[in-house]
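Chemist: mmCIF, C-alpha atoms and all ligand atoms, saved as coords-v8.cif, coming up:
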data_upload
loop_
_atom_site.label_atom_id
_atom_site.label_comp_id
_atom_site.auth_asym_id
_atom_site.auth_seq_id
_atom_site.Cartn_x
_atom_site.Cartn_y
_atom_site.Cartn_z
CA MET M 1 0.00 0.00 0.00
CA LYS M 2 1.25 3.45 -0.91
CA ARG M 3 2.38 5.84 1.86
CA VAL M 4 3.59 9.40 1.31
CA VAL M 5 5.90 11.30 3.66
CA THR M 6 6.47 15.05 3.33
CA GLY M 7 9.02 17.49 4.69
CA GLY M 8 7.60 20.96 5.16
CA GLU M 9 8.11 24.42 6.56
CA LEU M 10 4.57 24.75 7.91
CA THR M 11 4.28 26.33 11.34
CA GLN M 12 1.53 26.17 13.91
CA ARG M 13 1.54 30.00 14.13
CA ASP M 14 0.81 30.37 10.40
CA MET M 15 -1.86 27.68 10.14
CA ARG M 16 -3.56 28.17 13.51
CA PRO M 17 -3.08 31.80 14.68
CA ALA M 18 -3.71 31.64 18.44
CA ASP M 19 -5.96 34.71 18.85
CA ILE M 20 -8.22 33.78 15.93
CA ILE M 21 -8.45 30.14 17.05
CA HIS M 22 -9.37 31.35 20.55
CA SER M 23 -12.22 33.51 19.17
CA TYR M 24 -13.41 30.68 16.95
CA LEU M 25 -13.52 28.20 19.83
CA THR M 26 -15.46 30.71 21.95
CA HIS M 27 -18.07 30.92 19.17
CA VAL M 28 -18.14 27.12 18.94
CA GLN M 29 -18.98 26.79 22.63
CA ASP M 30 -21.67 29.50 22.38
CA ASP M 31 -23.25 27.75 19.39
CA ILE M 32 -23.22 24.35 21.10
CA ALA M 33 -25.46 25.88 23.78
CA ARG M 34 -27.49 28.02 21.34
CA PHE M 35 -28.47 25.08 19.15
CA GLY M 36 -28.90 22.65 22.06
CA LEU M 37 -26.50 20.11 20.58
CA LEU M 38 -26.20 18.23 23.85
CA GLU M 39 -29.98 17.84 24.18
CA ASP M 40 -31.77 14.71 22.92
CA ALA M 41 -28.48 13.28 21.68
CA ARG M 42 -28.40 9.49 21.32
CA GLU M 43 -25.90 6.90 22.52
CA ARG M 44 -24.12 4.93 19.85
CA ASP M 45 -21.42 2.31 19.29
CA CYS M 46 -18.39 2.74 17.06
CA PRO M 47 -19.48 4.13 13.66
CA ALA M 48 -16.60 2.31 11.95
CA CYS M 49 -16.97 -1.27 13.19
CA GLY M 50 -19.95 -1.36 15.58
CA GLY M 51 -17.72 -2.18 18.55
CA GLN M 52 -18.31 -0.79 22.03
CA GLY M 53 -16.44 2.28 23.16
CA ALA M 54 -14.80 3.22 26.45
CA ARG M 55 -15.11 6.85 27.54
CA GLU M 56 -11.77 8.62 27.04
CA PHE M 57 -12.37 12.33 27.71
CA GLU M 58 -14.83 15.18 27.41
CA ARG M 59 -14.48 18.38 25.37
CA PHE M 60 -17.02 21.21 25.37
CA GLY M 61 -19.53 18.81 26.95
CA PHE M 62 -19.13 16.15 24.25
CA GLU M 63 -18.03 12.71 25.40
CA TYR M 64 -15.36 11.07 23.27
CA HIS M 65 -15.15 7.27 23.33
CA ARG M 66 -12.39 4.96 22.11
CA CYS M 67 -13.58 1.82 20.31
CA ARG M 68 -12.35 -1.30 22.10
CA MET M 69 -12.27 -3.18 18.78
CA CYS M 70 -10.73 -0.86 16.17
CA GLY M 71 -9.34 2.05 18.23
CA SER M 72 -11.41 4.77 16.52
CA LEU M 73 -12.42 7.83 18.53
CA PHE M 74 -16.06 8.93 18.38
CA VAL M 75 -18.60 11.20 20.04
CA SER M 76 -21.40 9.50 21.97
CA PRO M 77 -24.13 10.55 22.62
CA LEU M 78 -24.39 11.85 19.04
CA PRO M 79 -26.31 15.14 18.58
CA ALA M 80 -29.51 15.06 16.51
CA GLY M 81 -28.91 15.54 12.76
CA ILE M 82 -31.31 18.48 12.50
CA ARG M 83 -29.51 20.36 15.30
CA LEU M 84 -26.14 19.71 13.65
CA ALA M 85 -27.48 20.99 10.33
CA GLU M 86 -28.65 24.20 12.04
CA TYR M 87 -25.26 24.61 13.74
CA HIS M 88 -23.43 24.39 10.40
CA ALA M 89 -25.92 26.51 8.42
CA GLU M 90 -26.76 29.27 10.91
CA GLY M 91 -24.08 29.28 13.60
CA ALA M 92 -21.76 32.16 14.44
CA ALA M 93 -18.80 29.78 14.68
CA GLU M 94 -19.13 28.55 11.12
CA ARG M 95 -19.62 32.12 9.92
CA PHE M 96 -16.52 33.23 11.84
CA ARG M 97 -14.58 30.33 10.30
CA ARG M 98 -15.65 31.32 6.76
CA GLU M 99 -15.26 35.08 7.20
CA HIS M 100 -12.20 35.35 9.49
CA LEU M 101 -10.33 32.10 10.13
CA LEU M 102 -10.12 30.88 6.52
CA PRO M 103 -9.28 34.31 4.97
CA SER M 104 -6.58 34.99 7.59
CA THR M 105 -4.86 31.70 6.73
CA ALA M 106 -5.76 31.62 3.02
CA ASP M 107 -2.21 31.90 1.67
CA VAL M 108 -0.78 29.18 3.85
CA ARG M 109 -3.77 26.91 3.23
CA THR M 110 -3.41 27.33 -0.52
CA ARG M 111 0.28 26.42 -0.40
CA HIS M 112 0.10 23.65 2.20
CA ALA M 113 -3.35 22.16 1.69
CA LEU M 114 -5.20 23.07 -1.52
CA ILE M 115 -2.37 22.80 -4.04
CA PRO M 116 -0.83 19.60 -2.60
CA ARG M 117 -4.30 18.01 -2.40
CA ALA M 118 -5.14 18.93 -6.01
CA ARG M 119 -1.76 17.57 -7.15
CA TRP M 120 -2.34 14.37 -5.18
CA VAL M 121 -5.75 13.82 -6.80
CA LEU M 122 -4.60 14.66 -10.32
CA ALA M 123 -1.45 12.52 -10.11
CA ALA M 124 -3.48 9.50 -8.99
CA ALA M 125 -6.09 10.22 -11.65
CA ALA M 126 -3.46 10.37 -14.39
CA GLY M 127 -2.12 6.99 -13.38
CA ARG M 128 -5.38 5.15 -12.73
CA LEU M 129 -8.43 6.86 -14.22
CA GLY M 130 -7.54 7.66 -17.81
CA LEU M 131 -7.88 10.95 -19.69
CA TYR M 132 -10.21 13.71 -18.42
CA PRO M 133 -11.88 11.80 -15.60
CA THR M 134 -15.09 13.02 -13.97
CA PHE M 135 -15.01 14.12 -10.32
CA ALA M 136 -17.71 14.97 -7.78
CA GLN M 137 -17.16 16.52 -4.35
CA PHE M 138 -19.00 15.15 -1.34
CA GLY M 139 -20.27 17.77 1.11
CA THR M 140 -19.59 21.49 0.91
CA GLU M 141 -17.86 22.35 -2.36
CA THR M 142 -14.47 24.08 -2.24
CA PRO M 143 -14.45 26.29 -5.36
CA GLN M 144 -10.71 26.99 -5.27
CA LEU M 145 -9.88 23.29 -5.05
CA LEU M 146 -12.32 22.42 -7.83
CA ASP M 147 -10.79 25.11 -10.07
CA LEU M 148 -7.40 23.40 -9.64
CA ILE M 149 -8.93 19.99 -10.41
CA ARG M 150 -10.60 21.34 -13.57
CA ALA M 151 -7.16 21.84 -15.12
CA SER M 152 -7.18 18.13 -16.02
CA ALA M 153 -10.63 16.78 -15.18
CA THR M 154 -14.35 17.45 -15.38
CA VAL M 155 -16.15 18.38 -12.17
CA VAL M 156 -19.85 17.57 -11.88
CA SER M 157 -22.44 18.43 -9.22
CA TRP M 158 -23.09 15.90 -6.49
CA PRO M 159 -25.86 13.57 -7.74
CA ASP M 160 -29.11 12.96 -5.88
CA THR M 161 -28.34 9.52 -4.48
CA SER M 162 -31.44 9.49 -2.30
CA GLN M 163 -33.57 8.11 -5.15
CA PRO M 164 -32.33 4.70 -6.27
CA GLU M 165 -34.39 4.51 -9.44
CA ARG M 166 -32.98 7.71 -10.93
CA ASP M 167 -30.05 7.71 -13.32
CA GLN M 168 -26.96 8.30 -11.28
CA VAL M 169 -23.76 10.05 -12.21
CA GLN M 170 -21.07 7.38 -12.15
CA ALA M 171 -18.04 9.49 -11.39
CA ASP M 172 -14.47 8.32 -11.86
CA GLY M 173 -13.43 10.06 -8.66
CA VAL M 174 -15.09 11.32 -5.48
CA ILE M 175 -13.43 13.90 -3.26
CA ALA M 176 -14.43 13.92 0.42
CA PHE M 177 -12.07 16.38 2.08
CA ASP M 178 -12.63 17.19 5.78
CA GLU M 179 -16.28 16.13 5.58
CA LEU M 180 -16.82 12.54 6.73
CA GLU M 181 -15.69 13.24 10.29
CA ARG M 182 -18.58 15.70 10.71
CA ALA M 183 -21.30 13.57 9.06
CA ALA M 184 -24.25 12.93 11.38
CA ASP M 185 -24.91 9.81 9.27
CA PHE M 186 -21.39 8.51 8.75
CA ALA M 187 -22.27 5.12 7.24
CA GLY M 188 -24.79 6.81 4.93
CA GLY M 189 -22.13 9.27 3.78
CA ILE M 190 -19.68 6.50 2.84
CA HIS M 191 -22.53 4.64 1.10
CA ARG M 192 -23.41 7.69 -1.00
CA CYS M 193 -19.76 8.09 -2.01
CA ARG M 194 -19.70 4.45 -3.14
CA ARG M 195 -22.93 4.75 -5.12
CA THR M 196 -21.60 7.79 -6.94
CA LEU M 197 -18.46 5.95 -8.13
CA ARG M 198 -18.12 3.56 -11.02
CA ALA M 199 -16.33 0.25 -10.41
CA GLY M 200 -12.62 1.01 -10.44
CA GLY M 201 -13.26 4.64 -9.44
CA LEU M 202 -11.33 6.31 -6.64
CA LEU M 203 -12.43 7.87 -3.36
CA PHE M 204 -10.11 10.54 -1.93
CA VAL M 205 -10.50 11.32 1.77
CA THR M 206 -8.73 13.79 4.04
CA THR M 207 -9.61 13.77 7.73
CA MET M 208 -8.17 13.89 11.22
CA SER M 209 -6.78 10.66 12.62
CA GLY M 210 -8.22 9.20 15.80
CA GLU M 211 -4.83 7.71 16.64
CA GLY M 212 -2.58 10.64 15.68
CA PHE M 213 0.13 11.93 18.01
CA GLU M 214 -1.52 15.28 18.80
CA LEU M 215 -4.80 13.72 19.92
CA CYS M 216 -3.18 10.84 21.77
CA MET M 217 -0.88 13.18 23.73
CA LEU M 218 -3.34 16.02 24.36
CA GLY M 219 -6.84 14.49 24.36
CA GLN M 220 -9.33 17.17 25.40
CA ARG M 221 -6.57 19.83 25.41
CA ALA M 222 -6.03 19.52 21.63
CA ASN M 223 -7.03 22.84 20.07
CA ALA M 224 -7.43 21.13 16.72
CA LEU M 225 -10.26 19.00 18.14
CA VAL M 226 -13.55 20.81 17.58
CA PRO M 227 -16.82 19.18 18.49
CA PRO M 228 -19.25 19.13 16.73
CA VAL M 229 -17.01 19.23 13.65
CA HIS M 230 -15.18 16.09 14.78
CA LEU M 231 -17.83 13.46 15.52
CA GLN M 232 -15.82 10.42 14.40
CA LEU M 233 -12.06 10.21 14.02
CA LEU M 234 -11.20 6.78 12.78
CA SER M 235 -8.13 4.66 13.30
CA ARG M 236 -6.48 3.01 10.33
CA ARG M 237 -8.17 -0.25 11.29
CA GLY M 238 -11.50 1.56 11.50
CA TRP M 239 -11.10 2.89 7.95
CA ASN M 240 -10.26 -0.59 6.72
CA GLU M 241 -13.43 -1.99 8.32
CA VAL M 242 -15.84 0.66 7.11
CA LEU M 243 -14.50 0.84 3.56
CA ALA M 244 -14.38 -2.95 3.13
CA ARG M 245 -18.09 -3.07 4.01
CA GLU M 246 -18.80 -0.81 1.02
CA ASP M 247 -16.56 -2.81 -1.35
CA PHE M 248 -13.65 -0.42 -1.30
CA ARG M 249 -9.98 -1.37 -1.19
CA ILE M 250 -7.57 1.13 0.36
CA VAL M 251 -4.67 1.80 -2.02
CA GLU M 252 -3.01 4.64 -0.09
CA TYR M 253 -2.97 5.52 3.59
CA SER M 254 -0.67 8.41 4.51
CA THR M 255 -0.53 10.87 7.40
CA PRO M 256 1.40 13.84 5.97
CA GLY M 257 0.57 16.16 8.91
CA GLU M 258 3.31 18.65 9.84
CA LEU M 259 2.04 20.17 13.06
CA ASP M 260 1.77 17.43 15.72
CA VAL M 261 5.08 18.08 17.48
CA GLN M 262 4.63 21.88 17.45
CA ALA M 263 1.03 21.60 18.67
CA VAL M 264 1.93 19.34 21.58
CA ALA M 265 4.91 21.53 22.52
CA ASP M 266 2.76 24.69 22.48
CA VAL M 267 0.07 23.27 24.75
CA CYS M 268 2.55 21.75 27.21
CA ARG M 269 4.52 25.00 27.37
CA ARG M 270 1.37 26.88 28.41
CA ASP M 271 0.20 24.13 30.76
CA PRO M 272 3.19 22.43 32.37
CA ALA M 273 0.86 20.41 34.61
CA GLY M 274 0.04 18.15 31.69
CA ARG M 275 3.12 15.95 31.89
CA LEU M 276 4.37 13.89 28.99
CA PRO M 277 6.41 10.71 29.33
CA ALA M 278 10.02 11.86 29.90
CA ILE M 279 11.49 10.78 26.58
CA ILE M 280 8.55 12.18 24.60
CA ASP M 281 8.92 15.42 26.60
CA GLN M 282 12.56 15.66 25.51
CA LEU M 283 11.72 15.08 21.87
CA VAL M 284 8.84 17.55 21.87
CA HIS M 285 10.68 20.32 23.71
CA THR M 286 14.00 19.96 21.94
CA ASP M 287 15.77 23.17 20.90
CA ASP M 288 17.20 21.34 17.94
CA GLU M 289 14.96 22.06 14.97
CA GLN M 290 16.39 19.10 13.07
CA VAL M 291 15.36 16.72 15.84
CA ALA M 292 11.84 18.16 15.98
CA ARG M 293 11.52 17.82 12.22
CA ALA M 294 12.90 14.28 12.28
CA PHE M 295 10.41 13.33 15.01
CA GLN M 296 7.52 14.71 12.94
CA GLY M 297 8.91 12.77 9.96
CA LEU M 298 8.97 9.59 12.03
CA LEU M 299 5.29 10.11 12.94
CA GLN M 300 4.50 10.40 9.24
CA GLN M 301 6.50 7.24 8.48
CA ALA M 302 4.58 5.36 11.16
CA CYS M 303 1.22 6.81 9.94
CA LEU M 304 0.76 8.40 13.37
CA SER M 305 0.49 12.06 12.41
CA SER M 306 -2.91 13.70 12.81
CA LEU M 307 -3.79 14.42 9.19
CA VAL M 308 -4.94 11.42 7.14
CA HIS M 309 -4.89 11.24 3.34
CA LEU M 310 -6.44 8.05 2.07
CA MET M 311 -7.34 6.81 -1.37
CA ALA M 312 -9.64 3.82 -1.90
CA GLU M 313 -10.67 1.99 -5.06
CA ALA M 314 -14.31 1.00 -5.62
CA LEU M 315 -14.37 -2.72 -6.36
CA ARG M 316 -16.55 -4.34 -8.98
CA HIS M 317 -19.12 -5.83 -6.62
CA GLY M 318 -20.21 -2.40 -5.47
CA VAL M 319 -23.63 -1.24 -4.48
ZN ZN U 401 -14.55 0.38 16.05
#
Can the structure from this file be put into structure tokens for me?

Modeler:
Amino acid sequence: MKRVVTGGELTQRDMRPADIIHSYLTHVQDDIARFGLLEDARERDCPACGGQGAREFERFGFEYHRCRMCGSLFVSPLPAGIRLAEYHAEGAAERFRREHLLPSTADVRTRHALIPRARWVLAAAAGRLGLYPTFAQFGTETPQLLDLIRASATVVSWPDTSQPERDQVQADGVIAFDELERAADFAGGIHRCRRTLRAGGLLFVTTMSGEGFELCMLGQRANALVPPVHLQLLSRRGWNEVLAREDFRIVEYSTPGELDVQAVADVCRRDPAGRLPAIIDQLVHTDDEQVARAFQGLLQQACLSSLVHLMAEALRHGV
């Protein structure tokens, strides 16, 4: 299976400016109360494999559980879908993210996220999907990303997969970037991606890992963890389980994240009470930039960084 490792110059300060992140998280907590996300929520088992979870920590009132079977991290009780939809459509936090957080980090996101992601998709498409493949994006469309994809592919609107009898677009590729972790109906989301793809087509997913270094070290103190955006953060085993059920085969699983070591160092510097194991503490707080970079590189090699890029092929016996 393919695995990509990157070496970058990305800094936590550029990608997650502290004052803006603080304001955003304040809005998030206000909206959680405003839309009653913690009311009439329902208990659930692991959305990846159906296994039982053990409570690991709480953040902003949401309980995160670790699956005893596959190691995925998930919110339970799960907020009602209609309340989540209101949060995303009408909330101040999402508006702040669109109008302040994303514009203030637009340059760095273009260089470190949008362009590498478009190149990743187009390189895989050139090797596996033939000339001018057709792509559809699951969830909220990202116009800038789709413009980059259009250089070598056709982009179509997401088909209405709710009506089985209607003619469906059979896309060569489906892009699901930073979407599946927030889906109130996770299994349904994966199913819709599969139904939109032809046999041999490719699903491209980016998401946060449930077993990445930042989350495992920081738990509820991880600033990158934002309920209700992160409802399910799967482990590698969890992705294998859920994708196999929909007749997918994973052909690439990489974790090219660049910020784990910096993020853990920042939080522990501000809050020395949260102790790390001694040897991890030395590696995280090293003054030697080469060592810090090598440690982050090792996390990528071991697929234990926080950012997951995965590519899966739709097999012939699909739905
Ligand atoms: Zn599980």

Chemist: For a test of reading the model, state the distance in Å between atom CA of M:Ile190 and atom CA of M:Gly139, rounded to one decimal.

Modeler: 11.4 Å

Chemist: Which distance in Å separates atom CA of M:Thr207 and atom CA of M:Val169, to one decimal?

Modeler: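 So the answer is 24.7 Å.
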
Chemist: So which one's closest to M:Leu114, M:Ser76, M:Ser23, M:Ser157, M:Thr206? Using only C-alpha atoms, please.

Modeler: M:Thr206

Chemist: I'd like to know which of M:Leu283, M:Ile20, M:Ala80, M:Cys216 is closest to M:Gly36, using only C-alpha atoms.

Modeler: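 Between M:Leu283, M:Ile20, M:Ala80, M:Cys216, the residue approaching M:Gly36 most closely is M:Ala80.
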
Chemist: Show me which residues are within 10 Å of ligand ZN 401 (chain U) counting all atoms listed in the file, and format the list as a PyMOL selection string.

Modeler: chain M and resi 45-53+66-74+234-235+237-239+241-242

Chemist: Identify, on the basis of all atoms listed in the file, every residue whose closest approach to M:Ala85 does not exceed 12 Å; exclude the query and any residue fewer than 5 positions from it along the same chain; express the result as a compact mmCIF listing (two decimals) with C-alpha atoms, in the coordinates of the input.

Modeler:
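The file below, out.txt, is the result:
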# COMPACT_ATOMS: atom_id res chain seq x y z
CA PHE M 35 -28.47 25.08 19.15
CA GLY M 36 -28.90 22.65 22.06
CA LEU M 37 -26.50 20.11 20.58
CA PRO M 79 -26.31 15.14 18.58
CA ALA M 80 -29.51 15.06 16.51
CA GLU M 90 -26.76 29.27 10.91
CA GLY M 91 -24.08 29.28 13.60
CA GLU M 94 -19.13 28.55 11.12
CA ARG M 182 -18.58 15.70 10.71
CA ALA M 183 -21.30 13.57 9.06
CA ALA M 184 -24.25 12.93 11.38
CA ASP M 185 -24.91 9.81 9.27
CA PRO M 228 -19.25 19.13 16.73
CA VAL M 229 -17.01 19.23 13.65

Chemist: For each of M:Leu243, M:Ile115, M:Ala224, M:Ala18, take the minimum atom-to-atom distance to M:Gly188, counting only C-alpha atoms, then give the residue where this is smallest.

Modeler: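 Answer, going by the shortest atom-to-atom distance: M:Leu243.
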
Chemist: Pick out the closest residue to M:Pro17 from this set: M:Ile250, M:Leu145, M:Leu102, M:Met217. Count all atoms listed in the file.

Modeler: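 Comparing M:Ile250, M:Leu145, M:Leu102, M:Met217 against M:Pro17, the winner is M:Leu102.
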
Chemist: Record the distance separating atom CA of M:Ala263 and atom CA of M:Leu218, expressed in Å with one decimal.

Modeler: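 Interatomic distance, atom CA of M:Ala263 to atom CA of M:Leu218: 9.1 Å.
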
Chemist: Nearest residue to M:Phe186 out of M:Ala41, M:Arg198, M:Leu78, M:Ser254, using all atoms listed in the file?

Modeler: M:Leu78

Chemist: Could you tell me which of M:Leu84, M:Met311, M:Leu215, M:Ala124 comes closest to M:Leu231 if we count all atoms listed in the file?

Modeler: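 Among the listed residues, M:Leu84 lies closest to M:Leu231.
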
Chemist: Please identify all polymer residues lying at most 12 Å from the point (0.7, 32.6, 5.5) (file coordinates), using all atoms listed in the file, and present the result as a ChimeraX atom specification.

Modeler: /M:9-17,101-113

Chemist: Please define a box with edges along x, y and z of the file around all atoms of stretch 109-117 of chain M given in the file, extend it by 8 Å on each side, and return its centre and edge lengths in Å to one decimal, as lines of an AutoDock Vina configuration file.

Modeler:
center_x = -2.5
center_y = 22.7
center_z = -0.4
size_x = 21.5
size_y = 25.3
size_z = 23.3

Chemist: Set the distance at 12 Å and use all atoms listed in the file: which residues neighbour M:Ala126 once local chain neighbours fewer than 5 positions away are removed? I'd like the list as a PyMOL selection string.

Modeler: chain M and resi 119-121+131-134+149+152-153+172-173+202
